[in-house]
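To start, the structure under review is shown below, and the notes come after it.
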Amino acid sequence: MSSSKKLSNQYKNSELQAEIGKFIAYNKDEFAELVTFVDFAEKFTLGFIEINFTPDIDLLIAGLQQNPQCEEIQFVVLDFPDGNLRFLRDELVEQLAEITKETNKKLVLLIRNLEKSIGVFGDYPPVLQDLNFVRDSYRQTVPHPLLFILPDYAISRLAKFAPDFWAWKSGLFRFKTTELTRDRAIANTLNTDINIERLPTPEQQERIDLLHGLLMEYHPTGEIPSPEHLRNCCNILNELGKAYLSQHKPIKAREYLEKAGKIANQFPDYSLQIEVINQLGKSYRQQRQFESANSYHQQALDIAKKQENCRAVANSLHYLGNVSLNMRQFHQARDYYQQALEIDIEFGNRYSSARTYHQLGRIAQQLRQFHQARDYYQQALEIDIEFGNRYSSASTYHYLGMVAQELRQYDQARDYYQQALEIYIEFGDRYSSARTYHYLGMVAQELRQYDQARDYYQQALEIYIEFGESYWNARTYNQLGRVAQKLRQYDQARDYYQQALEIYIEFGDRYSNASTYHNLGYVAQELRQYDQARDYYQQALEIYIEFGDRYSSASTYRQLGLFAQTQENYAEARANLQTALEIYVEYQDEYMATVTREILEGLPE
């Protein structure tokens with residue numbers, strides 16, 4: 001090792017030793033009691049250590065291991081970060097079997113990260129139910145002192161939901177947070193400019209853990225926060241809500257945001273109040289409860305206008321545009337986005353205008369104005385690149401891929417999707433990568449690479465299932481159905497379509513039902529179930545007409561025409577195919593217009 005590396009390591013070690021010393025000095029009495037507890041504990045003895053921040057846990061463990069009074073103690077740290085853990089005792093027994101016990105030393109087990117499975121909200125976590133139920137077996141199966149290191153809220157929940165196990169405790173040691181740890185946590189959460197959405201998943205979880213620790217500092221479980229801590233509590237609760245929204249956990253996010261909203265009403269910080277209300281709107285939008293989302297964003301907009309807070313007005317308009325887009329109210333959405341863009345341009349907020357150009361691109365795309373959509377996406381991409389916003393550029397690359405796909409430029413589409421996927425993987429954003437895997441599957445499908453398409457769809461489906469995202473499963477089931485259909489596996493195709501349809505009906509997404517009814521009609525037609533086929537096509541057509549989607553209806557008119565052709569009902573076939581042709585011409589889809597025209601020309605008179 002070079003002398004410079006040795007000096008660097010020595011410096012880092014001296015810094016660490018200094019921090020350990022400060023932490024122990026700050027908790028002198030509690031640490032002394034803990035050392036005494038460890039010294040006298042024999043066989044199964046239960047203790048709890050309350051520490052709110054991970055760095056302080058590391059300092060405590062290092063302090064115990066270095067303490068002269070603990071020279072005859074073998075500390076073994078057992079980590080349980082699995083949020084779905086249920087049977088702790090079984091895991092402990094399994095890990096105990098792998099520990100090599102040191103001669104003439106007492107084994108003491110330090111349990112950490114159990115708060116992941118204990119959770120913050122909800123009744124009777126499974127791990128605590130089991131802990132309480134199998135309490136008596138611990139004396140025989142885990143015959144060693146056991147110290148649980150947990151934050152405030154986890155200890156409170158353990159005491160509440162595993163009262164029999166809790167009653168066996170021989171010691172409870174509450175360690176105070178050092179000022180240095182608290183300042184670092186604030187710097188990395190409340191005072192950082194880095195949006196949590198741009199962080200890789202592990203770093204997102206680190207920030208969430210820090211926020212939970214800070215919340216316990218300012219609002220200990222069972223206590224009312226002091227007036228001077230209310231603002232900090234509100235900020236932390238809001239940030240926790242945003243963090244869980246970034247992980248697509250809207251219900252969990254709302255538990256924090258609703259508490260933040262109640263506190264925000266107690267002091268006149270209208271900017272914070274508006275942000276919390278908008279975040280609540282986003283939580284409902286993630287659940288596709290669009291009316292509720294719209295109501296919250298409108299409430300935020302009203303407050304922002306009253307306070308003449310132009311930035312908050314632009315944000316609220318943008319969020320209202322997002323909801324209108326989801327509700328397929330495209331002209332309303334465009335109006336909201338244009339208003340937001342005008343404010344951003346007026347105040348020189350070029351950075352924020354990127355997201356609005358992106359959304360205007362989505363509107364143009366939905367209206368099949370593909371060249372206009374591409375121009376908007378390129379404007380968004382240029383700004384993201386200018387500001388080094390690599391994460392946001394992923395979504396724009398994805399949508400540029402969708403435009404290229406619509407224009408049948410499949411190689412270009414695949415390139416854009418691959419760029420998007422690389423960025424999502426770089427940032428550890430598995431959730432967003434699922435959407436891109438889905439669209440890569442669609443490109444492979446268009447190129448008749450059906451095995452490749454199915455692999456991509458399966459990757460997307462696995463991620464959506466991992467995130468408990470049942471709504472987006474539907475479109476992937478739909479595409480898997482189309483692959484099975486192309487391979488003439490009609491029973492498999494029908495099963496996939498039925499799964500998709502059930503989900504769309506569950507979420508009240510009537511519009512998306514249409515494409516699935518259309519596909520079910522095709523399968524029924526191939527299976528010679530002609531009455532069923534006609535019924536499915538008619539249901540699809542009624543929905544497209546209801547939502548004013550003329551372009552999509554062309555596909556169903558065309559299919560009804562082909563169906564009538566097989567029935568030798570040439571008058572009906574000609575009428576439906578002519579309607580489809582007129583729509584394709586109207587929307588300048590030359591490829592489909594040519595295909596449909598050739599079919600018409602081949603019909604008998």
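Here's how to read the names in the structure tokens: chain A, B, ... by the order shown, residue numbers from 1 in each chain, ligand numbers from 1 in the order shown.
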Tell me which protein, DNA and RNA residues are within 10 Å of Ile61 of chain A, counting only C-alpha atoms, leaving out same-chain ones fewer than 4 positions away, and put them as an NGL selection string. :A and (20 or 56-57 or 65-67 or 75-77 or 110)
Convert the current residue selection to file output with all heavy atoms, as a PDB file, in the first residue's frame.
ATOM      1  N   ILE A  20     -17.200   8.110  17.001  1.00  0.00           N
ATOM      2  CA  ILE A  20     -17.614   7.115  18.002  1.00  0.00           C
ATOM      3  C   ILE A  20     -17.515   7.714  19.401  1.00  0.00           C
ATOM      4  O   ILE A  20     -18.429   7.585  20.225  1.00  0.00           O
ATOM      5  CB  ILE A  20     -16.749   5.837  17.892  1.00  0.00           C
ATOM      6  CG1 ILE A  20     -17.006   5.118  16.561  1.00  0.00           C
ATOM      7  CG2 ILE A  20     -17.027   4.889  19.061  1.00  0.00           C
ATOM      8  CD1 ILE A  20     -16.017   3.997  16.266  1.00  0.00           C
ATOM      9  N   ASP A  56     -25.841   6.265  13.421  1.00  0.00           N
ATOM     10  CA  ASP A  56     -25.644   6.151  14.876  1.00  0.00           C
ATOM     11  C   ASP A  56     -25.620   4.687  15.321  1.00  0.00           C
ATOM     12  O   ASP A  56     -24.933   4.334  16.294  1.00  0.00           O
ATOM     13  CB  ASP A  56     -26.745   6.902  15.626  1.00  0.00           C
ATOM     14  CG  ASP A  56     -26.538   8.414  15.575  1.00  0.00           C
ATOM     15  OD1 ASP A  56     -25.490   8.852  15.069  1.00  0.00           O
ATOM     16  OD2 ASP A  56     -27.428   9.149  16.039  1.00  0.00           O
ATOM     17  N   ILE A  57     -26.364   3.836  14.609  1.00  0.00           N
ATOM     18  CA  ILE A  57     -26.315   2.399  14.917  1.00  0.00           C
ATOM     19  C   ILE A  57     -24.909   1.872  14.669  1.00  0.00           C
ATOM     20  O   ILE A  57     -24.347   1.114  15.479  1.00  0.00           O
ATOM     21  CB  ILE A  57     -27.343   1.620  14.066  1.00  0.00           C
ATOM     22  CG1 ILE A  57     -28.773   2.043  14.429  1.00  0.00           C
ATOM     23  CG2 ILE A  57     -27.175   0.110  14.274  1.00  0.00           C
ATOM     24  CD1 ILE A  57     -29.841   1.424  13.544  1.00  0.00           C
ATOM     25  N   GLN A  65     -18.034  -2.936  20.393  1.00  0.00           N
ATOM     26  CA  GLN A  65     -16.972  -3.878  20.029  1.00  0.00           C
ATOM     27  C   GLN A  65     -15.606  -3.432  20.535  1.00  0.00           C
ATOM     28  O   GLN A  65     -14.739  -4.263  20.828  1.00  0.00           O
ATOM     29  CB  GLN A  65     -16.941  -4.051  18.508  1.00  0.00           C
ATOM     30  CG  GLN A  65     -18.164  -4.798  17.972  1.00  0.00           C
ATOM     31  CD  GLN A  65     -18.253  -4.760  16.463  1.00  0.00           C
ATOM     32  OE1 GLN A  65     -17.722  -3.843  15.820  1.00  0.00           O
ATOM     33  NE2 GLN A  65     -18.930  -5.738  15.873  1.00  0.00           N
ATOM     34  N   GLN A  66     -15.407  -2.114  20.676  1.00  0.00           N
ATOM     35  CA  GLN A  66     -14.110  -1.587  21.110  1.00  0.00           C
ATOM     36  C   GLN A  66     -14.023  -1.397  22.622  1.00  0.00           C
ATOM     37  O   GLN A  66     -12.938  -1.173  23.155  1.00  0.00           O
ATOM     38  CB  GLN A  66     -13.845  -0.229  20.431  1.00  0.00           C
ATOM     39  CG  GLN A  66     -13.716  -0.309  18.915  1.00  0.00           C
ATOM     40  CD  GLN A  66     -13.588   1.065  18.281  1.00  0.00           C
ATOM     41  OE1 GLN A  66     -13.375   2.065  18.980  1.00  0.00           O
ATOM     42  NE2 GLN A  66     -13.711   1.140  16.959  1.00  0.00           N
ATOM     43  N   ASN A  67     -15.152  -1.504  23.307  1.00  0.00           N
ATOM     44  CA  ASN A  67     -15.156  -1.200  24.733  1.00  0.00           C
ATOM     45  C   ASN A  67     -14.386  -2.256  25.533  1.00  0.00           C
ATOM     46  O   ASN A  67     -14.613  -3.462  25.364  1.00  0.00           O
ATOM     47  CB  ASN A  67     -16.606  -1.134  25.235  1.00  0.00           C
ATOM     48  CG  ASN A  67     -16.689  -0.593  26.646  1.00  0.00           C
ATOM     49  OD1 ASN A  67     -16.538  -1.342  27.608  1.00  0.00           O
ATOM     50  ND2 ASN A  67     -16.918   0.706  26.750  1.00  0.00           N
ATOM     51  N   PHE A  75     -19.940 -10.086  19.804  1.00  0.00           N
ATOM     52  CA  PHE A  75     -21.130  -9.452  19.219  1.00  0.00           C
ATOM     53  C   PHE A  75     -21.306  -9.944  17.777  1.00  0.00           C
ATOM     54  O   PHE A  75     -20.389  -9.881  16.967  1.00  0.00           O
ATOM     55  CB  PHE A  75     -20.989  -7.927  19.209  1.00  0.00           C
ATOM     56  CG  PHE A  75     -21.045  -7.303  20.572  1.00  0.00           C
ATOM     57  CD1 PHE A  75     -19.884  -6.828  21.176  1.00  0.00           C
ATOM     58  CD2 PHE A  75     -22.249  -7.179  21.253  1.00  0.00           C
ATOM     59  CE1 PHE A  75     -19.929  -6.243  22.432  1.00  0.00           C
ATOM     60  CE2 PHE A  75     -22.301  -6.591  22.509  1.00  0.00           C
ATOM     61  CZ  PHE A  75     -21.142  -6.124  23.108  1.00  0.00           C
ATOM     62  N   VAL A  76     -22.495 -10.422  17.459  1.00  0.00           N
ATOM     63  CA  VAL A  76     -22.818 -10.817  16.089  1.00  0.00           C
ATOM     64  C   VAL A  76     -24.034 -10.011  15.641  1.00  0.00           C
ATOM     65  O   VAL A  76     -25.082 -10.039  16.298  1.00  0.00           O
ATOM     66  CB  VAL A  76     -23.107 -12.327  15.985  1.00  0.00           C
ATOM     67  CG1 VAL A  76     -23.593 -12.679  14.571  1.00  0.00           C
ATOM     68  CG2 VAL A  76     -21.855 -13.122  16.317  1.00  0.00           C
ATOM     69  N   VAL A  77     -23.861  -9.280  14.534  1.00  0.00           N
ATOM     70  CA  VAL A  77     -24.944  -8.443  14.003  1.00  0.00           C
ATOM     71  C   VAL A  77     -25.728  -9.251  12.969  1.00  0.00           C
ATOM     72  O   VAL A  77     -25.159  -9.771  12.005  1.00  0.00           O
ATOM     73  CB  VAL A  77     -24.378  -7.166  13.350  1.00  0.00           C
ATOM     74  CG1 VAL A  77     -25.525  -6.307  12.805  1.00  0.00           C
ATOM     75  CG2 VAL A  77     -23.540  -6.383  14.353  1.00  0.00           C
ATOM     76  N   LEU A 110     -27.135  -8.928  17.992  1.00  0.00           N
ATOM     77  CA  LEU A 110     -27.659  -7.583  17.741  1.00  0.00           C
ATOM     78  C   LEU A 110     -28.540  -7.649  16.495  1.00  0.00           C
ATOM     79  O   LEU A 110     -28.060  -7.948  15.401  1.00  0.00           O
ATOM     80  CB  LEU A 110     -26.521  -6.589  17.532  1.00  0.00           C
ATOM     81  CG  LEU A 110     -25.502  -6.463  18.676  1.00  0.00           C
ATOM     82  CD1 LEU A 110     -24.365  -5.521  18.283  1.00  0.00           C
ATOM     83  CD2 LEU A 110     -26.183  -5.963  19.954  1.00  0.00           C
TER      84      LEU A 110
END
Excluding segment 442-447 of chain A and its own-chain neighbours fewer than 3 positions away, which residues fall within 8 Å of it when counting only C-alpha atoms? Please give them as a ChimeraX atom specification. /A:405,410,413-414,438-439,450,452-453,479,483
Just want the 7 Å neighbourhood of Asn478 of chain A, counted on only C-alpha atoms, with same-chain residues fewer than 5 positions away dropped. Output as number ranges by chain. A: 496-497, 500, 516
From the list A:Phe387, A:Phe547, A:Tyr522, A:Phe133, which residue is nearest Ala162 of chain A when using only C-alpha atoms?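 Distance minimum relative to Ala162 of chain A lands on A:Phe133.
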Backbone-only DSSP, strand (DSSP E or B) members of segment 27-272 of chain A, as a ChimeraX atom specification: /A:45-50,73-79,106-112,145-150,169-174
Please save N, CA and C atoms of the selected residues as a compact mmCIF listing (two decimals), in the first residue's frame.
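Saved file part.txt follows:
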# COMPACT_ATOMS: atom_id res chain seq x y z
N THR A 45 -31.89 -13.42 27.06
CA THR A 45 -32.21 -12.17 27.76
C THR A 45 -32.56 -11.14 26.69
N LEU A 46 -33.64 -10.43 26.91
CA LEU A 46 -34.17 -9.56 25.86
C LEU A 46 -33.98 -8.08 26.20
N GLY A 47 -33.42 -7.34 25.26
CA GLY A 47 -33.25 -5.90 25.44
C GLY A 47 -33.57 -5.16 24.16
N PHE A 48 -33.91 -3.87 24.30
CA PHE A 48 -34.24 -3.04 23.14
C PHE A 48 -33.42 -1.76 23.18
N ILE A 49 -32.89 -1.39 22.02
CA ILE A 49 -32.10 -0.17 21.89
C ILE A 49 -32.82 0.74 20.90
N GLU A 50 -33.17 1.94 21.34
CA GLU A 50 -33.84 2.89 20.45
C GLU A 50 -32.82 3.86 19.85
N ILE A 73 -16.95 -10.52 25.08
CA ILE A 73 -18.25 -10.63 24.41
C ILE A 73 -18.03 -10.79 22.91
N GLN A 74 -18.73 -11.74 22.31
CA GLN A 74 -18.73 -11.89 20.86
C GLN A 74 -20.04 -11.30 20.32
N PHE A 75 -19.94 -10.09 19.80
CA PHE A 75 -21.13 -9.45 19.22
C PHE A 75 -21.31 -9.94 17.78
N VAL A 76 -22.49 -10.42 17.46
CA VAL A 76 -22.82 -10.82 16.09
C VAL A 76 -24.03 -10.01 15.64
N VAL A 77 -23.86 -9.28 14.53
CA VAL A 77 -24.94 -8.44 14.00
C VAL A 77 -25.73 -9.25 12.97
N LEU A 78 -27.03 -9.37 13.19
CA LEU A 78 -27.90 -10.08 12.24
C LEU A 78 -28.84 -9.07 11.60
N ASP A 79 -28.82 -9.05 10.26
CA ASP A 79 -29.54 -8.03 9.48
C ASP A 79 -30.80 -8.64 8.86
N LYS A 106 -18.88 -14.84 25.39
CA LYS A 106 -20.34 -14.91 25.43
C LYS A 106 -20.90 -14.33 24.14
N LEU A 107 -21.80 -15.06 23.53
CA LEU A 107 -22.40 -14.63 22.28
C LEU A 107 -23.59 -13.70 22.56
N VAL A 108 -23.57 -12.51 21.97
CA VAL A 108 -24.67 -11.55 22.09
C VAL A 108 -25.12 -11.18 20.67
N LEU A 109 -26.41 -11.33 20.42
CA LEU A 109 -26.96 -11.08 19.08
C LEU A 109 -27.56 -9.67 19.00
N LEU A 110 -27.13 -8.93 17.99
CA LEU A 110 -27.66 -7.58 17.74
C LEU A 110 -28.54 -7.65 16.50
N ILE A 111 -29.83 -7.38 16.65
CA ILE A 111 -30.79 -7.47 15.55
C ILE A 111 -31.05 -6.08 15.00
N ARG A 112 -30.84 -5.92 13.68
CA ARG A 112 -31.10 -4.60 13.10
C ARG A 112 -31.94 -4.72 11.81
N PRO A 145 -28.30 -13.72 24.78
CA PRO A 145 -28.82 -12.35 24.90
C PRO A 145 -29.16 -11.79 23.52
N LEU A 146 -30.30 -11.13 23.45
CA LEU A 146 -30.83 -10.65 22.17
C LEU A 146 -31.15 -9.16 22.31
N LEU A 147 -30.52 -8.33 21.49
CA LEU A 147 -30.75 -6.89 21.53
C LEU A 147 -31.32 -6.42 20.20
N PHE A 148 -32.53 -5.89 20.24
CA PHE A 148 -33.18 -5.35 19.05
C PHE A 148 -32.84 -3.87 18.93
N ILE A 149 -32.23 -3.47 17.82
CA ILE A 149 -31.92 -2.06 17.59
C ILE A 149 -32.97 -1.51 16.62
N LEU A 150 -33.82 -0.62 17.13
CA LEU A 150 -34.97 -0.15 16.35
C LEU A 150 -35.20 1.34 16.54
N LYS A 169 -38.93 -8.06 28.22
CA LYS A 169 -37.72 -7.24 28.09
C LYS A 169 -37.07 -7.01 29.45
N SER A 170 -35.75 -7.05 29.46
CA SER A 170 -34.98 -6.77 30.68
C SER A 170 -34.29 -5.42 30.63
N GLY A 171 -34.38 -4.76 29.48
CA GLY A 171 -33.74 -3.45 29.37
C GLY A 171 -34.23 -2.70 28.14
N LEU A 172 -34.40 -1.38 28.29
CA LEU A 172 -34.75 -0.49 27.19
C LEU A 172 -33.80 0.70 27.25
N PHE A 173 -33.04 0.91 26.16
CA PHE A 173 -31.98 1.93 26.16
C PHE A 173 -32.25 2.92 25.02
N ARG A 174 -32.55 4.16 25.40
CA ARG A 174 -32.90 5.18 24.41
C ARG A 174 -31.69 6.09 24.18
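With distances restricted to only C-alpha atoms, A:Leu440 is the closest residue to Arg454 of chain A from A:Leu440, A:Ala524, A:Val313, A:Leu214.
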Which residue out of A:Gln489, A:Asn349, A:Ser555, A:Gln332 has the minimum interatomic distance to Arg311 of chain A when only C-alpha atoms are used?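 For Arg311 of chain A, the nearest of the given residues is A:Asn349.
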Taking a cut-off of 8 Å and counting only C-alpha atoms, can you build a table that, for each residue of segment 109-212 of chain A near segment 89-104 of chain A, reports the nearest atom pair and how far apart they are in Å (one decimal), sorted by chain then residue number, as a Markdown table?
| residue | atom | partner | partner_atom | distance |
| --- | --- | --- | --- | --- |
| A:Leu131 | CA | A:Arg89 | CA | 7.4 |
| A:Val134 | CA | A:Arg89 | CA | 7.9 |
| A:Tyr138 | CA | A:Arg89 | CA | 7.3 |
| A:Thr141 | CA | A:Val93 | CA | 6.6 |
| A:Val142 | CA | A:Val93 | CA | 6.8 |
Within 10 Å of Tyr570 of chain A using only C-alpha atoms, minus same-chain residues under 4 positions, as a count of residues only: 13
If DSSP is run on the backbone, what residues of segment 36-222 of chain A are helix (DSSP H, G or I)? A reply as JSON, numbers by chain would be ideal. {"A": [36, 37, 38, 39, 40, 54, 55, 56, 57, 58, 59, 60, 61, 62, 63, 64, 65, 66, 68, 69, 70, 88, 89, 90, 91, 92, 93, 94, 95, 96, 115, 116, 117, 118, 126, 127, 128, 129, 130, 131, 132, 133, 135, 136, 137, 138, 139, 140, 141, 152, 153, 154, 155, 156, 157, 158, 159, 160, 161, 163, 164, 165, 166, 179, 180, 181, 182, 183, 184, 185, 186, 187, 188, 196, 197, 198, 201, 202, 203, 204, 205, 206, 207, 208, 209, 210, 211, 212, 213, 214, 215, 216, 217, 218]}
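Nearest-residue note for Asn191 of chain A: choosing from A:Ile24, A:Leu158, A:Ile236, A:Met216, the minimum distance belongs to A:Ile236, counting only C-alpha atoms.
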Find the residues around Ile263 of chain A up to 12 Å (only C-alpha atoms counted), leave out those fewer than 3 positions away in its own chain, and share them as number ranges by chain. A: 224-227, 229-238, 256-260, 266-270, 272-273, 276
Go through A:Gln418, A:Thr54, A:Gln287, A:Gln365 and flag the residue nearest Gly468 of chain A, using only C-alpha atoms for the distances.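 The closest residue to Gly468 of chain A is A:Gln287.
The gap separating atom CA of Ser433 of chain A from atom CA of Ile463 of chain A is 8.4 Å, in Å to one decimal.
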Among A:Ala340, A:Ala354, A:Ala41, A:Ala373, Ser393 of chain A is approached most closely, using only C-alpha atoms, by A:Ala354
Any idea what's packed within 7 Å of Leu240 of chain A, counting only C-alpha atoms, ignoring anything in its chain fewer than 5 positions away? Could you give it as a PDB file with N, CA, C and O atoms, in the first residue's frame?
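Result file is part_22.pdb:
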ATOM      1  N   ILE A 208     -35.492   7.843   2.563  1.00  0.00           N
ATOM      2  CA  ILE A 208     -36.704   7.552   3.333  1.00  0.00           C
ATOM      3  C   ILE A 208     -36.350   7.204   4.776  1.00  0.00           C
ATOM      4  O   ILE A 208     -36.998   7.670   5.721  1.00  0.00           O
ATOM      5  N   LEU A 211     -35.485  10.339   6.605  1.00  0.00           N
ATOM      6  CA  LEU A 211     -36.688  11.130   6.894  1.00  0.00           C
ATOM      7  C   LEU A 211     -37.460  10.548   8.073  1.00  0.00           C
ATOM      8  O   LEU A 211     -37.958  11.292   8.935  1.00  0.00           O
ATOM      9  N   ALA A 253     -48.147   6.955   0.697  1.00  0.00           N
ATOM     10  CA  ALA A 253     -47.791   8.377   0.585  1.00  0.00           C
ATOM     11  C   ALA A 253     -48.863   9.248   1.222  1.00  0.00           C
ATOM     12  O   ALA A 253     -48.562  10.213   1.939  1.00  0.00           O
ATOM     13  N   TYR A 256     -48.897  10.040   5.011  1.00  0.00           N
ATOM     14  CA  TYR A 256     -48.010  11.121   5.460  1.00  0.00           C
ATOM     15  C   TYR A 256     -48.505  12.482   4.986  1.00  0.00           C
ATOM     16  O   TYR A 256     -48.454  13.477   5.722  1.00  0.00           O
TER      17      TYR A 256
END
